[in-house]
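See below for final_8.txt, which holds compact mmCIF, C-alpha atoms and all ligand atoms.
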```txt
# COMPACT_ATOMS: atom_id res chain seq x y z
CA MET A 1 62.01 -133.92 -140.63
CA GLU A 2 62.60 -133.14 -144.30
CA SER A 3 62.56 -129.41 -144.83
CA THR A 4 61.17 -129.91 -148.34
CA LEU A 5 58.14 -131.61 -146.83
CA GLY A 6 56.79 -128.19 -145.95
CA LEU A 7 56.76 -127.29 -149.61
CA GLU A 8 55.31 -130.57 -150.80
CA ILE A 9 52.38 -130.53 -148.40
CA ILE A 10 51.33 -127.19 -149.83
CA GLU A 11 50.70 -128.99 -153.09
CA VAL A 12 48.81 -131.73 -151.27
CA VAL A 13 46.28 -129.29 -149.81
CA GLU A 14 46.18 -127.25 -153.02
CA GLN A 15 45.26 -130.29 -155.11
CA ALA A 16 42.53 -131.30 -152.65
CA ALA A 17 41.12 -127.76 -152.59
CA ILE A 18 41.07 -127.44 -156.40
CA ALA A 19 39.31 -130.80 -156.79
CA SER A 20 36.72 -129.92 -154.17
CA ALA A 21 36.16 -126.37 -155.43
CA LYS A 22 34.93 -127.79 -158.74
CA TRP A 23 31.94 -129.03 -156.74
CA MET A 24 31.31 -125.75 -154.98
CA GLY A 25 27.67 -124.80 -154.88
CA LYS A 26 26.48 -128.05 -156.44
CA GLY A 27 24.68 -129.25 -153.35
CA GLU A 28 26.61 -132.52 -153.26
CA LYS A 29 28.68 -132.62 -150.13
CA ASN A 30 29.75 -136.25 -150.44
CA THR A 31 31.21 -135.69 -153.90
CA ALA A 32 32.94 -132.50 -152.79
CA ASP A 33 34.57 -134.56 -150.04
CA GLN A 34 35.35 -137.63 -152.12
CA VAL A 35 37.20 -135.77 -154.87
CA ALA A 36 39.23 -133.92 -152.25
CA VAL A 37 40.18 -137.23 -150.61
CA GLU A 38 41.26 -138.72 -153.93
CA ALA A 39 43.32 -135.69 -154.96
CA MET A 40 44.96 -135.41 -151.55
CA ARG A 41 45.89 -139.07 -151.49
CA GLU A 42 47.24 -139.05 -155.02
CA ARG A 43 49.58 -136.11 -154.37
CA MET A 44 50.58 -137.40 -150.95
CA ASN A 45 51.67 -140.71 -152.45
CA LYS A 46 54.22 -138.87 -154.60
CA ILE A 47 56.08 -137.53 -151.58
CA HIS A 48 59.36 -139.15 -150.61
CA MET A 49 58.26 -140.16 -147.11
CA ARG A 50 56.98 -142.97 -144.92
CA GLY A 51 53.65 -141.68 -143.69
CA ARG A 52 50.75 -143.15 -141.77
CA ILE A 53 47.29 -141.67 -141.44
CA VAL A 54 46.36 -141.23 -137.76
CA ILE A 55 43.36 -138.99 -138.30
CA GLY A 56 41.50 -139.51 -141.54
CA GLU A 57 38.30 -140.46 -143.21
CA GLY A 58 37.40 -143.11 -140.62
CA GLU A 59 38.09 -146.75 -139.93
CA ARG A 60 39.40 -148.91 -142.77
CA ASP A 61 36.06 -150.71 -143.19
CA ASP A 62 34.10 -147.50 -143.81
CA ALA A 63 36.68 -145.48 -145.72
CA PRO A 64 38.43 -146.78 -148.84
CA MET A 65 41.04 -144.00 -148.83
CA LEU A 66 42.96 -142.06 -146.23
CA TYR A 67 41.53 -144.36 -143.58
CA ILE A 68 43.14 -144.50 -140.16
CA GLY A 69 46.26 -146.62 -140.41
CA GLU A 70 46.72 -146.29 -144.18
CA GLU A 71 50.33 -145.90 -145.19
CA VAL A 72 51.09 -143.10 -147.61
CA GLY A 73 54.15 -141.79 -149.42
CA ILE A 74 56.54 -143.29 -151.96
CA CYS A 75 58.60 -145.00 -149.28
CA THR A 76 55.70 -147.14 -148.12
CA ARG A 77 55.50 -148.85 -151.51
CA GLU A 78 56.56 -152.46 -151.97
CA ASP A 79 59.30 -151.50 -154.43
CA ALA A 80 60.49 -148.59 -152.28
CA LYS A 81 63.90 -150.07 -151.50
CA ALA A 82 65.23 -148.89 -154.82
CA TYR A 83 64.90 -145.24 -153.86
CA CYS A 84 64.21 -145.02 -150.13
CA ASN A 85 66.58 -146.06 -147.40
CA PRO A 86 64.30 -147.14 -144.55
CA GLU A 87 67.01 -146.44 -141.99
CA GLU A 88 67.34 -142.87 -143.06
CA LEU A 89 63.68 -142.07 -143.19
CA ILE A 90 61.77 -141.13 -140.09
CA GLU A 91 58.21 -142.34 -139.86
CA ILE A 92 55.61 -139.65 -140.07
CA ASP A 93 52.09 -139.41 -138.65
CA ILE A 94 49.52 -137.47 -140.62
CA ALA A 95 46.13 -136.03 -139.68
CA VAL A 96 43.98 -135.06 -142.64
CA ASP A 97 40.70 -133.38 -143.38
CA PRO A 98 40.66 -133.04 -147.18
CA CYS A 99 37.41 -131.08 -147.11
CA GLU A 100 36.79 -129.38 -143.77
CA GLY A 101 33.27 -128.00 -144.05
CA THR A 102 31.70 -130.20 -146.74
CA ASN A 103 28.36 -128.39 -146.37
CA LEU A 104 30.08 -125.05 -146.87
CA VAL A 105 31.45 -126.27 -150.20
CA ALA A 106 28.16 -127.85 -151.25
CA TYR A 107 26.25 -124.62 -150.59
CA GLY A 108 28.96 -122.22 -151.74
CA GLN A 109 29.52 -120.70 -148.31
CA ASN A 110 32.65 -119.25 -146.78
CA GLY A 111 35.15 -120.98 -144.54
CA SER A 112 35.90 -124.41 -146.07
CA MET A 113 39.42 -125.65 -146.56
CA ALA A 114 41.61 -128.66 -147.28
CA VAL A 115 43.80 -129.20 -144.24
CA LEU A 116 46.38 -131.51 -142.70
CA ALA A 117 48.90 -131.73 -139.90
CA ILE A 118 52.11 -133.77 -139.78
CA SER A 119 54.48 -134.82 -137.05
CA GLU A 120 56.95 -137.59 -136.39
CA LYS A 121 55.46 -140.95 -135.31
CA GLY A 122 53.41 -140.57 -132.12
CA GLY A 123 53.44 -136.79 -132.34
CA LEU A 124 49.71 -136.33 -132.89
CA PHE A 125 46.93 -137.49 -130.57
CA ALA A 126 44.92 -140.14 -132.43
CA ALA A 127 41.60 -138.63 -131.39
CA PRO A 128 38.61 -140.93 -131.58
CA ASP A 129 35.60 -140.01 -133.66
CA PHE A 130 34.02 -138.20 -130.74
CA TYR A 131 33.09 -134.63 -130.03
CA MET A 132 35.40 -132.17 -128.35
CA LYS A 133 34.73 -129.08 -126.30
CA LYS A 134 37.18 -126.49 -127.57
CA LEU A 135 38.62 -123.21 -126.44
CA ALA A 136 40.89 -121.28 -128.77
CA ALA A 137 42.28 -117.81 -128.11
CA PRO A 138 45.15 -115.56 -129.27
CA PRO A 139 48.75 -116.01 -128.06
CA ALA A 140 48.36 -113.12 -125.59
CA ALA A 141 45.80 -115.18 -123.67
CA LYS A 142 47.67 -118.50 -123.78
CA GLY A 143 47.44 -120.31 -120.46
CA LYS A 144 45.37 -117.48 -118.99
CA VAL A 145 41.94 -118.41 -120.31
CA ASP A 146 40.83 -121.89 -119.25
CA ILE A 147 38.22 -124.30 -120.58
CA ASN A 148 37.21 -125.07 -116.98
CA LYS A 149 36.26 -121.45 -116.37
CA SER A 150 32.93 -120.01 -117.43
CA ALA A 151 32.62 -118.11 -120.71
CA THR A 152 31.99 -114.95 -118.69
CA GLU A 153 35.24 -115.34 -116.76
CA ASN A 154 37.20 -116.20 -119.90
CA LEU A 155 35.89 -113.15 -121.72
CA LYS A 156 36.98 -110.92 -118.85
CA ILE A 157 40.48 -112.46 -118.92
CA LEU A 158 40.60 -112.24 -122.71
CA GLY A 159 39.67 -108.55 -122.58
CA GLU A 160 42.49 -107.90 -120.11
CA CYS A 161 45.03 -109.85 -122.17
CA LEU A 162 44.07 -108.08 -125.38
CA GLU A 163 43.67 -104.71 -123.65
CA ARG A 164 40.13 -104.18 -124.83
CA ASN A 165 36.62 -104.12 -123.49
CA VAL A 166 34.58 -107.31 -123.56
CA GLU A 167 32.22 -105.48 -125.97
CA GLU A 168 35.10 -105.35 -128.45
CA LEU A 169 35.58 -109.11 -128.50
CA VAL A 170 34.19 -111.47 -131.14
CA VAL A 171 33.64 -115.14 -130.31
CA VAL A 172 32.97 -117.76 -132.96
CA VAL A 173 30.47 -120.45 -132.00
CA MET A 174 28.95 -123.15 -134.20
CA ASP A 175 25.25 -122.63 -134.66
CA ARG A 176 23.93 -125.74 -132.91
CA PRO A 177 21.16 -126.35 -130.35
CA ARG A 178 23.82 -127.56 -127.90
CA HIS A 179 25.29 -124.06 -127.78
CA LYS A 180 22.08 -122.21 -126.87
CA GLU A 181 23.14 -121.41 -123.29
CA LEU A 182 26.73 -120.70 -124.26
CA ILE A 183 25.61 -118.15 -126.86
CA GLN A 184 23.31 -116.49 -124.34
CA GLU A 185 26.10 -116.31 -121.79
CA ILE A 186 28.58 -114.76 -124.23
CA ARG A 187 26.02 -112.16 -125.27
CA SER A 188 25.09 -111.33 -121.67
CA ALA A 189 28.78 -110.91 -120.84
CA GLY A 190 28.80 -108.18 -123.52
CA ALA A 191 30.84 -109.85 -126.25
CA ARG A 192 29.64 -110.38 -129.79
CA VAL A 193 29.02 -113.78 -131.33
CA ARG A 194 29.78 -114.89 -134.84
CA LEU A 195 27.68 -117.95 -135.55
CA ILE A 196 29.03 -120.34 -138.13
CA SER A 197 27.18 -123.27 -139.64
CA ASP A 198 30.34 -125.41 -140.02
CA GLY A 199 34.11 -125.25 -140.15
CA ASP A 200 35.52 -124.63 -136.70
CA VAL A 201 39.14 -125.38 -137.72
CA SER A 202 39.31 -122.15 -139.67
CA ALA A 203 37.78 -120.30 -136.70
CA ALA A 204 40.26 -121.78 -134.22
CA ILE A 205 43.28 -120.90 -136.32
CA SER A 206 41.98 -117.40 -136.98
CA CYS A 207 42.43 -116.74 -133.24
CA GLY A 208 46.15 -117.22 -133.73
CA PHE A 209 46.43 -114.19 -136.02
CA ALA A 210 45.86 -110.55 -135.15
CA GLY A 211 43.60 -108.68 -137.55
CA THR A 212 41.09 -111.45 -138.19
CA ASN A 213 38.64 -109.91 -135.71
CA ILE A 214 38.12 -113.34 -134.18
CA HIS A 215 39.22 -113.47 -130.57
CA ALA A 216 38.00 -116.85 -129.41
CA LEU A 217 36.38 -120.09 -130.48
CA MET A 218 34.11 -121.67 -127.91
CA GLY A 219 31.87 -124.73 -127.99
CA ILE A 220 31.73 -128.31 -129.14
CA GLY A 221 32.92 -129.59 -132.53
CA ALA A 222 34.50 -132.80 -133.75
CA ALA A 223 37.49 -134.21 -131.88
CA PRO A 224 39.75 -135.20 -134.83
CA GLU A 225 39.62 -131.67 -136.23
CA GLY A 226 40.45 -130.44 -132.73
CA VAL A 227 43.85 -132.12 -133.07
CA ILE A 228 44.47 -130.43 -136.43
CA SER A 229 43.55 -127.04 -134.93
CA ALA A 230 45.80 -127.75 -131.96
CA ALA A 231 48.73 -128.51 -134.27
CA ALA A 232 48.43 -125.08 -135.87
CA MET A 233 47.90 -123.28 -132.58
CA ARG A 234 50.87 -125.00 -130.98
CA CYS A 235 53.11 -123.65 -133.78
CA LEU A 236 51.53 -120.19 -133.61
CA GLY A 237 51.80 -119.98 -129.82
CA GLY A 238 48.04 -119.55 -129.54
CA HIS A 239 45.81 -121.01 -126.86
CA PHE A 240 43.99 -124.27 -127.56
CA GLN A 241 42.40 -126.68 -125.13
CA GLY A 242 40.17 -129.63 -125.91
CA GLN A 243 38.09 -132.01 -123.81
CA LEU A 244 36.42 -135.10 -125.26
CA ILE A 245 32.64 -135.15 -125.05
CA TYR A 246 31.05 -138.57 -124.73
CA ASP A 247 27.61 -137.74 -123.35
CA PRO A 248 24.99 -137.67 -126.15
CA GLU A 249 22.81 -135.44 -123.94
CA VAL A 250 25.46 -132.71 -124.09
CA VAL A 251 25.91 -132.91 -127.85
CA LYS A 252 22.19 -133.14 -128.63
CA THR A 253 22.78 -134.08 -132.28
CA GLY A 254 25.28 -136.09 -134.17
CA LEU A 255 27.86 -138.72 -134.51
CA ILE A 256 28.55 -140.46 -131.24
CA GLY A 257 26.81 -143.55 -129.94
CA GLU A 258 23.56 -143.06 -128.10
CA SER A 259 24.56 -144.45 -124.74
CA ARG A 260 26.86 -142.53 -122.42
CA GLU A 261 28.05 -145.78 -120.83
CA GLY A 262 28.73 -147.32 -124.24
CA ASN A 263 30.77 -144.30 -125.25
CA LEU A 264 32.75 -144.40 -122.02
CA ALA A 265 33.49 -148.09 -122.59
CA ARG A 266 34.69 -147.30 -126.13
CA LEU A 267 37.06 -144.65 -124.83
CA LYS A 268 38.45 -147.07 -122.24
CA GLU A 269 39.02 -149.65 -124.96
CA MET A 270 41.01 -147.06 -126.87
CA GLY A 271 43.26 -146.58 -123.88
CA ILE A 272 41.78 -143.27 -122.74
CA ASP A 273 41.66 -143.75 -118.97
CA ASP A 274 40.52 -140.30 -117.97
CA PRO A 275 37.66 -139.38 -120.32
CA ASP A 276 37.31 -135.93 -118.76
CA ARG A 277 40.92 -134.94 -119.26
CA VAL A 278 41.55 -131.49 -120.67
CA TYR A 279 44.25 -131.57 -123.36
CA THR A 280 46.39 -128.58 -124.28
CA ASP A 281 47.61 -127.90 -127.82
CA SER A 282 51.04 -129.29 -127.00
CA GLU A 283 49.49 -132.48 -125.66
CA LEU A 284 47.30 -132.93 -128.73
CA ALA A 285 50.25 -132.15 -131.02
CA SER A 286 53.17 -133.26 -128.88
CA GLY A 287 55.74 -134.08 -131.56
CA GLU A 288 59.10 -132.38 -131.65
CA THR A 289 58.31 -131.12 -135.13
CA VAL A 290 54.83 -130.18 -136.23
CA LEU A 291 53.77 -129.01 -139.67
CA PHE A 292 50.36 -127.70 -140.64
CA ALA A 293 49.00 -126.87 -144.07
CA ALA A 294 45.65 -125.56 -145.27
CA CYS A 295 44.29 -124.30 -148.58
CA GLY A 296 41.05 -122.36 -148.90
CA ILE A 297 38.33 -124.09 -150.91
CA THR A 298 35.79 -121.30 -150.48
CA PRO A 299 36.93 -117.86 -149.24
CA GLY A 300 37.69 -117.58 -145.53
CA THR A 301 39.06 -115.30 -142.84
CA LEU A 302 42.63 -116.31 -143.53
CA MET A 303 42.68 -117.44 -147.13
CA GLU A 304 41.01 -116.83 -150.44
CA GLY A 305 39.06 -119.67 -151.98
CA VAL A 306 40.01 -121.38 -155.24
CA ARG A 307 39.49 -119.16 -158.28
CA PHE A 308 39.32 -120.77 -161.70
CA PHE A 309 40.25 -118.99 -164.91
CA TYR A 310 40.74 -120.05 -168.49
CA GLY A 311 43.45 -122.72 -168.38
CA GLY A 312 44.10 -122.79 -164.68
CA ALA A 313 43.32 -121.95 -161.11
CA ARG A 314 44.66 -119.78 -158.34
CA THR A 315 44.85 -120.86 -154.71
CA GLN A 316 45.89 -119.43 -151.40
CA SER A 317 47.41 -121.66 -148.73
CA LEU A 318 48.93 -121.41 -145.32
CA VAL A 319 51.78 -123.57 -144.12
CA ILE A 320 52.93 -123.36 -140.53
CA SER A 321 56.09 -125.00 -139.23
CA SER A 322 57.24 -125.43 -135.66
CA GLN A 323 60.76 -126.08 -136.90
CA SER A 324 61.28 -122.88 -138.86
CA GLN A 325 58.75 -120.97 -136.70
CA THR A 326 57.05 -119.59 -139.76
CA ALA A 327 53.49 -119.12 -140.94
CA ARG A 328 53.71 -118.77 -144.71
CA PHE A 329 50.87 -117.64 -146.89
CA VAL A 330 51.37 -119.05 -150.35
CA ASP A 331 49.62 -117.68 -153.39
CA THR A 332 49.82 -120.13 -156.29
CA ILE A 333 48.81 -120.05 -159.91
CA HIS A 334 48.22 -123.52 -161.30
CA ILE A 335 48.69 -123.64 -165.03
CA GLN A 336 46.61 -126.50 -166.38
CA GLU A 337 46.48 -125.56 -170.04
CA GLN A 338 48.41 -122.94 -171.94
CA PRO A 339 46.65 -119.82 -170.67
CA LYS A 340 45.92 -116.76 -172.77
CA TYR A 341 47.40 -114.66 -170.02
CA ILE A 342 48.16 -115.00 -166.32
CA GLU A 343 46.39 -112.42 -164.24
CA LEU A 344 48.54 -111.17 -161.39
CA LYS A 345 46.09 -108.97 -159.54
C1 LIG B 1 30.93 -130.18 -138.09
C2 LIG B 1 31.93 -129.28 -138.84
C3 LIG B 1 33.08 -128.82 -137.98
O1 LIG B 1 32.71 -130.59 -136.54
O2 LIG B 1 30.02 -129.41 -137.47
C4 LIG B 1 31.55 -131.13 -137.10
O3 LIG B 1 31.35 -128.21 -139.41
C5 LIG B 1 30.65 -131.78 -136.05
O4 LIG B 1 29.55 -131.11 -135.55
O5 LIG B 1 33.95 -128.00 -138.68
P1 LIG B 1 28.02 -131.55 -135.87
O6 LIG B 1 27.93 -133.05 -135.79
O7 LIG B 1 27.17 -130.88 -134.87
O8 LIG B 1 27.73 -131.05 -137.26
C6 LIG B 1 33.67 -130.03 -137.43
O9 LIG B 1 33.92 -130.92 -138.46
C7 LIG B 1 35.06 -129.91 -136.87
O10 LIG B 1 35.16 -129.71 -135.56
```
Rewrite the structure of this file - the entire thing - as structure tokens.
Amino acid sequence: MESTLGLEIIEVVEQAAIASAKWMGKGEKNTADQVAVEAMRERMNKIHMRGRIVIGEGERDDAPMLYIGEEVGICTREDAKAYCNPEELIEIDIAVDPCEGTNLVAYGQNGSMAVLAISEKGGLFAAPDFYMKKLAAPPAAKGKVDINKSATENLKILGECLERNVEELVVVVMDRPRHKELIQEIRSAGARVRLISDGDVSAAISCGFAGTNIHALMGIGAAPEGVISAAAMRCLGGHFQGQLIYDPEVVKTGLIGESREGNLARLKEMGIDDPDRVYTDSELASGETVLFAACGITPGTLMEGVRFFYGGARTQSLVISSQSQTARFVDTIHIQEQPKYIELK
């Protein structure tokens, strides 16, 4: 895969984050999302690639841009022959979430980001718009904790792997009625819980880095974002497992259809024969090469949010590559008008 792609996708997430950040705290989550989608798509279409959206804003009928199946990149254009040699270009699959945590942006809260993952064709699991039970943990616990074990057991294992008491562990859980028992169990086991209102991608990835004081993500979030988290964790060597959730009784609120049987039939139609299968990060992001990029919209555990100043903006992004085995934090000043001065600190 093009090594320059890693640099270009930084700009893709930066542009989405800047657009969305202009709507921070305005109470309009749909606009915060829409402008991020537009900015992401516009920048993506300037990249010399043949890309296809596998995880995006929804089905073509509901989403005008970055819908599942949309082709993106200069080399997908009708007149592309003049500058792209189709034989030389590998086809790329892309999973996007231009505004992960729309509510966080709308209410000016921490933890939102523009995010995407890329792999060669077929390298990312095209997760349906279902829920996913997730378990993320640091590299030291990879393959040792297990989504099939209880939270109590996993916390004990995690403590051993990280050489600390369970009391010294912090678990991120989304604040939802469906997690009532899980939260109780984690607390009774002795660990501490950080409840978040939205944005479990940031929480999952934070487990991959020491020093974030986040040691695990447990609970049920959206499945497509699970694939994006898995892509990052696969590159970082962290632990990530996901299991699709199709029973509305388990989720209690939200997106999926109301009948368990109907949901099971939908999964079967999509070619998912074992609906209870537990996927690992390298099954969700199975491509030979995987790239991940995120840019903070509001401040988060890993990245600063977008900061505007006279004539420009400053962003912080993270790009992770399986090929170069790097996790790069990129601090960028975007000069939009001739600034009076550029502040470095
Ligand atoms: C959101 C969002 C998460 O999952 O909660 C969503 O904040 C689905 O959960 O970051 P609800 O329907 O209960 O809100 C994520 O988008 C990603 O997993």
Go through the chains and note each residue within 7 Å of ligand LIG 1 (chain B), using only C-alpha atoms and all ligand atoms, then give the set as an NGL selection string. :A and (100-101 or 176 or 197-201 or 221-223 or 225-226 or 253-255)
Please report the interatomic distance between atom CA of Glu14 of chain A and atom CA of Glu70 of chain A in Å with one decimal.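 Here the two named atoms are 21.0 Å from each other.
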Could you tell me which of A:Thr289, A:Ser188, A:Ser259, A:Gln109 comes closest to Ile320 of chain A if we count all atoms listed in the file? A:Thr289
Mind pulling up the distance from atom CA of Thr326 of chain A to atom CA of Glu163 of chain A?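 If I compute the distance from atom CA of Glu163 of chain A to atom CA of Thr326 of chain A, I get 25.7 Å.
Each of A:Glu185, A:Asp247, A:Glu57, A:Asp273 was compared to Phe130 of chain A using only C-alpha atoms, and A:Asp247 turns out to be the nearest.
Here atom CA of Val171 of chain A stands at a distance of 26.5 Å from atom CA of Val306 of chain A.
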Residues within 12 Å of (56.1, -119.2, -145.3), file coords, only C-alpha atoms, listed as a PyMOL selection string: chain A and resi 6-7+10+291-293+316-331
Which of these residues is nearest to Ala137 of chain A, using only C-alpha atoms: A:Gly305, A:Gly296, A:Gly58, A:Gly238?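 Result for the nearest residue to Ala137 of chain A: A:Gly238.
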Which residue gives the smallest distance to Lys180 of chain A among A:Ala63, A:Met233, A:Ala21, A:Ile220, with only C-alpha atoms counted? A:Ile220
Please provide the set of residues having any atom within 9 Å of Gly122 of chain A, restricted to all atoms listed in the file, with same-chain residues fewer than 2 positions apart removed, written as a PyMOL selection string. chain A and resi 92-93+119-120+124-126+286-287
Just C-alpha atoms for this one: save the residues we selected as an mmCIF file, in the frame of the given file.
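Below is the file part.cif, written as the result:
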```cif
data_model
loop_
_atom_site.group_PDB
_atom_site.id
_atom_site.type_symbol
_atom_site.label_atom_id
_atom_site.label_comp_id
_atom_site.auth_asym_id
_atom_site.auth_seq_id
_atom_site.Cartn_x
_atom_site.Cartn_y
_atom_site.Cartn_z
ATOM 1 C CA ILE A 92 55.610 -139.650 -140.070
ATOM 2 C CA ASP A 93 52.090 -139.410 -138.650
ATOM 3 C CA SER A 119 54.480 -134.820 -137.050
ATOM 4 C CA GLU A 120 56.950 -137.590 -136.390
ATOM 5 C CA LEU A 124 49.710 -136.330 -132.890
ATOM 6 C CA PHE A 125 46.930 -137.490 -130.570
ATOM 7 C CA ALA A 126 44.920 -140.140 -132.430
ATOM 8 C CA SER A 286 53.170 -133.260 -128.880
ATOM 9 C CA GLY A 287 55.740 -134.080 -131.560
#
```
Which residue of A:Ala106, A:Leu89, A:Leu155, A:Ala231 approaches Val290 of chain A most closely, using only C-alpha atoms: A:Ala231
Between A:Ile228, A:Ile68, A:Leu264, A:Ile196, which residue has the minimum interatomic distance to Ile183 of chain A, considering only C-alpha atoms?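 Nearest candidate to Ile183 of chain A out of A:Ile228, A:Ile68, A:Leu264, A:Ile196: A:Ile196.
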Name the residues, using the chain letters and numbers of the file, that sit within 10 Å of (40.8, -110.4, -123.6) when counting all atoms listed in the file, and give them as a ChimeraX atom specification. /A:137-138,140-141,144-145,154-166,168-169,215-216
Any chance you can output those residues with C-alpha atoms as a short mmCIF file (atom, residue, chain, number, x, y, z; two decimals), keeping the file's coordinate frame?
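Result file is selection.cif:
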```
data_model
loop_
_atom_site.label_atom_id
_atom_site.label_comp_id
_atom_site.auth_asym_id
_atom_site.auth_seq_id
_atom_site.Cartn_x
_atom_site.Cartn_y
_atom_site.Cartn_z
CA ALA A 137 42.28 -117.81 -128.11
CA PRO A 138 45.15 -115.56 -129.27
CA ALA A 140 48.36 -113.12 -125.59
CA ALA A 141 45.80 -115.18 -123.67
CA LYS A 144 45.37 -117.48 -118.99
CA VAL A 145 41.94 -118.41 -120.31
CA ASN A 154 37.20 -116.20 -119.90
CA LEU A 155 35.89 -113.15 -121.72
CA LYS A 156 36.98 -110.92 -118.85
CA ILE A 157 40.48 -112.46 -118.92
CA LEU A 158 40.60 -112.24 -122.71
CA GLY A 159 39.67 -108.55 -122.58
CA GLU A 160 42.49 -107.90 -120.11
CA CYS A 161 45.03 -109.85 -122.17
CA LEU A 162 44.07 -108.08 -125.38
CA GLU A 163 43.67 -104.71 -123.65
CA ARG A 164 40.13 -104.18 -124.83
CA ASN A 165 36.62 -104.12 -123.49
CA VAL A 166 34.58 -107.31 -123.56
CA GLU A 168 35.10 -105.35 -128.45
CA LEU A 169 35.58 -109.11 -128.50
CA HIS A 215 39.22 -113.47 -130.57
CA ALA A 216 38.00 -116.85 -129.41
#
```
